[in-house]
Every structure is written in C-alpha cells, then in structure tokens.
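Undergrad: I'd like to ask some things about the structure below.
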Amino acid sequence: MKISTIFKNGIIKENPVLVQLIGMCSVLAITNSVENSLGMSAAVIAVLTLSNIVISLMRKFIPSKIRIPIFIVVIATFVTMVQMFMNAYAQPLYKSLGIFIPLIVVNCLILARAESFASKNGVFLSAMDGIAMGLGYSIAVVTLGTVREILGSGSFLGMSLFGESFQPISLFVAPAGAFILLGILIGLFNAFVKKRIAD
Amino acid sequence: MNETLKLGLVLLLVTAVAGGILAGVNSLTAPVITERENQEKFASLLEIFTEANEFIEFEGSDLSGIQASYPSVISITEVKNNGTELGYAVTTKTGGYGGDINTLVGISADGTLAGIKVLVMSETAGLGSRIVDDPAFAQSFAGKGAGGSVTPAGTGAGDNEVMMLSGATVSTNAVVKGVNDALSAFSNSLAN
C-alpha cells in the first residue's frame with residue numbers, strides 16, 4: 001500500500017469525521033473554540049499514532065479472542081499518559097478539554113483503526129495511517145471550531161474580531177449549532193471535495 | 001482450560017506492563033501538578049488578600065464540623081497579615097450547568113466579600129464561561145454581602161446585589177449559591 005493512498009484515505013476518501021462519521025461525541029463537544037479543537041486534534045493524533053504503532057508491533061502476539069480488551073488497554077494507557085502530561089504542562093488546555101480527554105479512550109475512531117488497520121499492517125504503515133486519520137480528524141474539527149467560534153463568540157483563537165457592537169449568535173457555541181454546522185460541512189465536503197478527488 | 005489460562009496470562013502481562021508505564025509517568029508528572037495547584041491557589045488568595053502573608057488551613061474536625069452544616073464548603077483558609085486577621089478564604093463547590101463550579105470566596109473580617117474567584121468550572125463557552133471570562137462579574141461581588149447574602153440582579157449595582165449574566169442564569173446562580181453558603185458559614189461558624 002502506498003503512503004499517498006493512506007493519506008488520501010485518511011484525509012479525504014475515508015475522512016473519519018466527514019465520511020465515516022465516527023468519534024462524533026468529541027467532535028460535537030470540543031469544537032466550540034479553535035483552541036479546544038487544536039488541543040483535541042493534537043491529543044487524538046498522538047494517541048492514534050502511538051496506539052497504532054504499539055498495536056502493530058504486538059499484532060503477532062495478541063490472541064484474537066482477547067484483542068479488543070488488549071487494544072483498549074493500550075489506548076487507555078496512552079490517553080492517561082497524554083492526560084497526565086497535559087495536566088502537568090498544559091493546564092489551561094487540560095481544563096477546557098476536561099472530560100473529553102478520558103473519552104478519547106472510547107473514541108471509536110481509534111479502536112476502528114486498531115482493529116481494521118494496525119492489527120493487519122506493518123509498523124511504518126500503521127504509524128502513517130495514524131497520522132493520516134488523525135489529520136483527517138483535525139482538519140474537520142478545526143474547520144468546525146473556526147466557524148463555530150467566529151459565529152458563536154465573534155472571535156478567532158480568543159481574539160475578538162468584530163469589536164464590542166457585534167452580537168454573537170450563541171446558538172453556534174451550543175450543541176444544537178454544532179449539529180447544524182456539521183451537517184452543512186458534510187454536505188459541502190460531499191458536494192465539492194470528495195467527488196472531485198474520487199474522479 | 002489451558003487456553004483460558006493462557007489468555008488470562010497474556011492479558012495480565014499486558015495490563016501489568018501498562019500499569020508499570022503509567023506509574024512511571026505519574027511519578028514524573030504528579031509533583032509538577034501538585035506544585036502548580038498550590039501555586040494557583042496561593043496566587044488566587046493573594047489576588048483577593050493582597051497583604052496576606054500567613055495562611056492557616058482548616059483541617060480535620062474543624063473543617064468537617066462546618067461541612068456538616070454547609071456541605072458545599074470544600075476548604076477553608078484563615079488569612080492573616082503578621083498576626084492580624086484579614087479574613088477567611090472559603091472554597092465552595094456547587095453544581096453549575098456543565099458540572100461542578102469551585103469558587104474561592106474571600107471574606108473580610110467585617111463579613112463583607114473581599115473578592116471571589118472561580119477556580120474550576122466547565123460551563124458553556126461564551127455563555128456560562130463568562131463567570132471567569134468577564135472580569136466585571138467577579139468584581140461585582142467585592143464589598144457586598146454585609147447583609148449575610150447577595151442576590152443576582154441586573155448589573156449588580158445595588159446593595160448586596162451582584163451581576164446577573166444574561167443567558168447564564170444557572171451558572172450565575174451556582175456561583176451565588178457558593179458565595180452565600182460561604183457567607184453563612186462565616187457568620188455562623190467563623191466570625192468572632
């Protein structure tokens with residue numbers, strides 16, 4: 001399998017958020033600001049890549065009957081490590097991502113890649129797949145976060161864009177706004193990007 | 001039977017290794033985290049009581065006795081400057097819209113609010129999060145509370161009135177409840 005194919009799959013053809021619609025819980029919850037989206041993206045890329053590498057290394061030794069519990073232990077270990085490091089060295093981010101860091105463990109995106117890719121492919125390809133899928137997740141999440149923060153808070157990365165007179169549309173920082181914008185984003189993605197690339 | 005045993009052992013091995021790695025990471029990060037939490041608390045205390053240089057933490061039965069009447073109180077610190085009592089810092093934990101809100105409530109020796117600071121919260125960004133993001137909210141508490149409680153109303157201009165954040169009623173009320181619990185705990189149990 002070519003690396004370019006892996007990246008094309010991860011970012012466009014099988015984009016985890018916009019095409020496969022997996023890991024929606026965190027997508028809807030943390031995209032209320034660009035900063036949260038970037039933080040969550042970094043955490044997901046780190047956990048996904050590391051767990052793909054380790055699971056790929058262990059794939060010949062893992063008995064297939066207990067593969068799921070072992071995947072979960074590996075993923076949970078990395079998530080806990082990310083959480084501890086974030087709490088120690090990136091406290092504001094840790095505070096705003098809150099409960100959603102431990103929830104990375106049950107993000108089906110990561111388990112899905114372990115099951116369908118890392119347990120069947122070599123270490124290098126699995127690492128690439130982790131990065132590619134993570135990037136696909138990040139692009140979707142950061143796009144959504146940017147639109148939500150601009151419309152819902154009138155700012156970008158915490159910097160006010162429109163001055164005092166701008167009345168932000170609070171709906172877009174609430175979950176309902178996330179659903180509406182996610183639907184529009186998926187529609188646009190299908191209409192323009194996915195079709196063009198598939199040809 | 002043999003296979004079950006083997007599967008169990010493999011799983012045991014994997015979890016043991018994972019546990020070992022996490023213990024290592026924890027011993028690395030735990031001191032940094034504790035250190036930072038303490039610094040944050042002292043920094044907040046000093047923001048409220050700028051002249052404070054002595055902090056006495058309530059522990060054991062002193063604390064649990066007050067908690068029996070005011071379950072929202074999680075910690076109490078007596079604040080002094082060279083032996084002169086400045087007041088008390090009472091940390092309360094109340095239920096907000098998106099989870100618990102921890103508020104540090106600074107009460108001067110005369111029973112008015114020296115200042116408040118929301119330490120922990122997970123309220124909706126842009127709405128409830130203004131309890132932290134909007135400095136005017138915390139400022140509206142300073143000097144109030146002489147009557148033993150505060151109520152949220154408008155911009156909080158009146159006596160014992162504090163700012164009501166529109167669109168964030170639940171968050172405002174949670175902070176106000178924490179502050180009022182701290183004020184009652186002070187007037188009933190702490191004031192001399």
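Just so we're on the same page: first chain in the structure tokens is A, next is B, and so on; residues restart at 1 for each chain, and ligands are numbered from 1 in the order they show up.
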Using only C-alpha atoms, which residues of chain A come within 10 Å of chain B, and what is the closest atom pair for each, with the distance in Å to one decimal? Give it as a tab-separated table, sorted by chain and residue number.

TA:
```
residue	atom	partner	partner_atom	distance
A:Ile30	CA	B:Ala125	CA	9.9
A:Asn32	CA	B:Ala125	CA	6.9
A:Ser33	CA	B:Ala125	CA	7.9
A:Phe61	CA	B:Val10	CA	8.9
A:Ile62	CA	B:Val10	CA	7.9
A:Pro63	CA	B:Leu7	CA	7.2
A:Ser64	CA	B:Leu7	CA	9.7
A:Lys65	CA	B:Leu7	CA	8.1
A:Ile66	CA	B:Leu7	CA	7.1
A:Arg67	CA	B:Leu11	CA	9.3
A:Pro69	CA	B:Leu11	CA	8.0
A:Ile70	CA	B:Leu11	CA	6.8
A:Phe71	CA	B:Val14	CA	10.0
A:Val73	CA	B:Thr15	CA	6.6
A:Val74	CA	B:Ala18	CA	7.2
A:Ile75	CA	B:Ala18	CA	10.0
A:Ala76	CA	B:Ala18	CA	9.0
A:Thr77	CA	B:Ala18	CA	6.1
A:Phe78	CA	B:Leu22	CA	8.8
A:Thr80	CA	B:Leu22	CA	7.5
A:Met81	CA	B:Val25	CA	6.7
A:Val82	CA	B:Val25	CA	9.8
A:Met84	CA	B:Thr29	CA	6.4
A:Phe85	CA	B:Thr29	CA	6.5
A:Met86	CA	B:Thr29	CA	9.3
A:Asn87	CA	B:Ile33	CA	6.6
A:Ala88	CA	B:Ile33	CA	4.9
A:Tyr89	CA	B:Val32	CA	8.0
A:Gln91	CA	B:Ile33	CA	8.8
A:Lys95	CA	B:Ser122	CA	7.8
A:Ser96	CA	B:Ser122	CA	6.9
A:Leu97	CA	B:Ser122	CA	8.8
A:Gly98	CA	B:Ser122	CA	7.5
A:Ile99	CA	B:Ser122	CA	9.2
A:Glu149	CA	B:Gly126	CA	9.1
A:Gly152	CA	B:Gly126	CA	7.6
A:Ser153	CA	B:Gly126	CA	6.0
A:Gly154	CA	B:Gly126	CA	9.6
A:Pro168	CA	B:Gly126	CA	9.0
A:Ile169	CA	B:Gly126	CA	9.9
A:Ser170	CA	B:Gly126	CA	7.3
A:Phe172	CA	B:Gly126	CA	10.0
A:Val173	CA	B:Ala125	CA	6.7
A:Ala174	CA	B:Thr124	CA	7.3
A:Pro175	CA	B:Thr124	CA	9.6
```

Undergrad: Would you output that residue set with C-alpha atoms, as a compact mmCIF listing (two decimals), in the first residue's frame?

TA:
```txt
# COMPACT_ATOMS: atom_id res chain seq x y z
CA ILE A 30 -15.00 20.34 21.77
CA ASN A 32 -16.81 25.40 20.37
CA SER A 33 -13.46 27.16 20.02
CA PHE A 61 1.35 -11.96 19.79
CA ILE A 62 -2.17 -10.84 20.54
CA PRO A 63 -4.57 -13.80 20.68
CA SER A 64 -7.53 -12.85 18.51
CA LYS A 65 -10.04 -13.79 21.24
CA ILE A 66 -8.84 -11.06 23.58
CA ARG A 67 -7.69 -8.49 21.04
CA PRO A 69 -9.51 -5.75 25.65
CA ILE A 70 -5.82 -5.50 24.77
CA PHE A 71 -6.46 -2.70 22.26
CA VAL A 73 -5.66 -1.26 27.48
CA VAL A 74 -3.08 0.08 25.02
CA ILE A 75 -5.27 3.03 24.01
CA ALA A 76 -6.24 3.81 27.61
CA THR A 77 -2.58 3.79 28.64
CA PHE A 78 -1.68 6.37 26.01
CA THR A 80 -3.84 8.51 30.50
CA MET A 81 -0.27 9.49 29.66
CA VAL A 82 -1.50 12.34 27.46
CA MET A 84 -1.09 13.44 32.86
CA PHE A 85 1.32 15.36 30.66
CA MET A 86 -1.39 17.83 29.70
CA ASN A 87 -2.36 18.39 33.33
CA ALA A 88 1.28 18.97 34.24
CA TYR A 89 2.46 21.11 31.35
CA GLN A 91 -3.06 23.24 32.32
CA LYS A 95 -9.10 22.45 31.98
CA SER A 96 -11.05 23.30 28.86
CA LEU A 97 -10.94 19.81 27.34
CA GLY A 98 -11.90 18.34 30.70
CA ILE A 99 -13.88 15.14 30.50
CA GLU A 149 -16.02 30.36 17.27
CA GLY A 152 -20.83 31.96 18.16
CA SER A 153 -18.28 34.08 20.02
CA GLY A 154 -17.19 36.60 17.37
CA PRO A 168 -22.53 36.74 18.65
CA ILE A 169 -25.03 34.00 17.78
CA SER A 170 -24.86 31.92 20.94
CA PHE A 172 -23.39 28.15 17.47
CA VAL A 173 -21.41 27.53 20.64
CA ALA A 174 -24.22 25.30 21.91
CA PRO A 175 -24.54 21.65 20.79
```

Undergrad: Which residues come within 6 Å of segment 73-82 of chain B, counting only C-alpha atoms, excluding same-chain residues fewer than 6 positions away, as a count of residues only?

TA: 13

Undergrad: So that I can check the surroundings of segment 6-21 of chain A, please list as a PDB file with N, CA, C and O atoms, in the first residue's frame every protein, DNA and RNA residue that reaches within 6 Å of it, counting only C-alpha atoms and ignoring chain neighbours fewer than 3 positions away.

TA:
```pdb
ATOM      1  N   ILE A   3       1.964   5.157   0.539  1.00  0.00           N
ATOM      2  CA  ILE A   3       1.727   6.132   1.603  1.00  0.00           C
ATOM      3  C   ILE A   3       0.751   7.209   1.144  1.00  0.00           C
ATOM      4  O   ILE A   3      -0.109   7.661   1.901  1.00  0.00           O
ATOM      5  N   ASP A 129      -0.809   5.589   8.912  1.00  0.00           N
ATOM      6  CA  ASP A 129      -2.271   5.582   8.960  1.00  0.00           C
ATOM      7  C   ASP A 129      -2.777   6.394  10.146  1.00  0.00           C
ATOM      8  O   ASP A 129      -3.750   7.146  10.029  1.00  0.00           O
ATOM      9  N   ALA A 132      -2.367  10.016   9.258  1.00  0.00           N
ATOM     10  CA  ALA A 132      -3.304  10.415   8.205  1.00  0.00           C
ATOM     11  C   ALA A 132      -4.721  10.545   8.748  1.00  0.00           C
ATOM     12  O   ALA A 132      -5.404  11.551   8.516  1.00  0.00           O
ATOM     13  N   MET A 133      -5.157   9.524   9.501  1.00  0.00           N
ATOM     14  CA  MET A 133      -6.514   9.577  10.052  1.00  0.00           C
ATOM     15  C   MET A 133      -6.633  10.720  11.057  1.00  0.00           C
ATOM     16  O   MET A 133      -7.650  11.413  11.126  1.00  0.00           O
ATOM     17  N   GLY A 136      -7.013  13.866   9.191  1.00  0.00           N
ATOM     18  CA  GLY A 136      -8.377  13.961   8.664  1.00  0.00           C
ATOM     19  C   GLY A 136      -9.330  14.457   9.744  1.00  0.00           C
ATOM     20  O   GLY A 136     -10.150  15.354   9.513  1.00  0.00           O
ATOM     21  N   TYR A 137      -9.166  13.885  10.951  1.00  0.00           N
ATOM     22  CA  TYR A 137      -9.981  14.309  12.097  1.00  0.00           C
ATOM     23  C   TYR A 137      -9.716  15.784  12.398  1.00  0.00           C
ATOM     24  O   TYR A 137     -10.641  16.583  12.561  1.00  0.00           O
ATOM     25  N   ILE A 186     -20.524  18.552   6.172  1.00  0.00           N
ATOM     26  CA  ILE A 186     -20.510  17.251   5.497  1.00  0.00           C
ATOM     27  C   ILE A 186     -21.106  17.388   4.093  1.00  0.00           C
ATOM     28  O   ILE A 186     -20.583  16.840   3.117  1.00  0.00           O
TER      29      ILE A 186
END
```

Undergrad: If we count only C-alpha atoms and set the cut-off at 9 Å, which residues sit around segment 97-114 of chain B, ignoring sequence neighbours fewer than 6 positions away in its own chain? Please answer as a ChimeraX atom specification.

TA: /B:41,44-45,48-49,74,85-91,120-124,128,141-148,168,170-171,174-175,178-179,182-183,186-187,191-192

Undergrad: Ser149 of chain B: which residues within 9 Å, counting only C-alpha atoms, same-chain residues fewer than 6 positions away excluded, as a compact mmCIF listing (two decimals) with N, CA and C atoms, in the first residue's frame?

TA:
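Below is the file that was written, out.txt:
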```
# COMPACT_ATOMS: atom_id res chain seq x y z
N ASN B 160 -25.75 44.70 48.13
CA ASN B 160 -25.84 43.25 48.17
C ASN B 160 -26.43 42.63 46.91
N GLU B 161 -26.29 43.36 45.81
CA GLU B 161 -26.65 42.79 44.51
C GLU B 161 -25.39 42.55 43.71
N VAL B 176 -23.39 32.24 42.93
CA VAL B 176 -24.02 32.98 44.02
C VAL B 176 -24.33 32.05 45.19
N VAL B 179 -21.19 31.46 47.06
CA VAL B 179 -20.81 32.66 47.83
C VAL B 179 -21.69 32.79 49.07
N ASN B 180 -22.99 32.57 48.90
CA ASN B 180 -23.91 32.71 50.04
C ASN B 180 -23.66 31.63 51.10
N ASP B 181 -23.35 30.40 50.64
CA ASP B 181 -23.01 29.35 51.60
C ASP B 181 -21.77 29.76 52.40
N LEU B 183 -20.75 32.80 52.97
CA LEU B 183 -21.10 33.89 53.88
C LEU B 183 -21.81 33.37 55.13
N SER B 184 -22.75 32.41 54.93
CA SER B 184 -23.46 31.86 56.10
C SER B 184 -22.49 31.09 56.99
```

Undergrad: Could you please write out, as a PyMOL selection string, every residue of segment 6-64 of chain B that DSSP assigns to alpha helix (DSSP H)?

TA: chain B and resi 6-48+60-64

Undergrad: Any idea what the distance is between atom CA of Ile184 of chain A and atom CA of Ser26 of chain A?

TA: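 Separating atom CA of Ile184 of chain A from atom CA of Ser26 of chain A is a distance of 17.9 Å.
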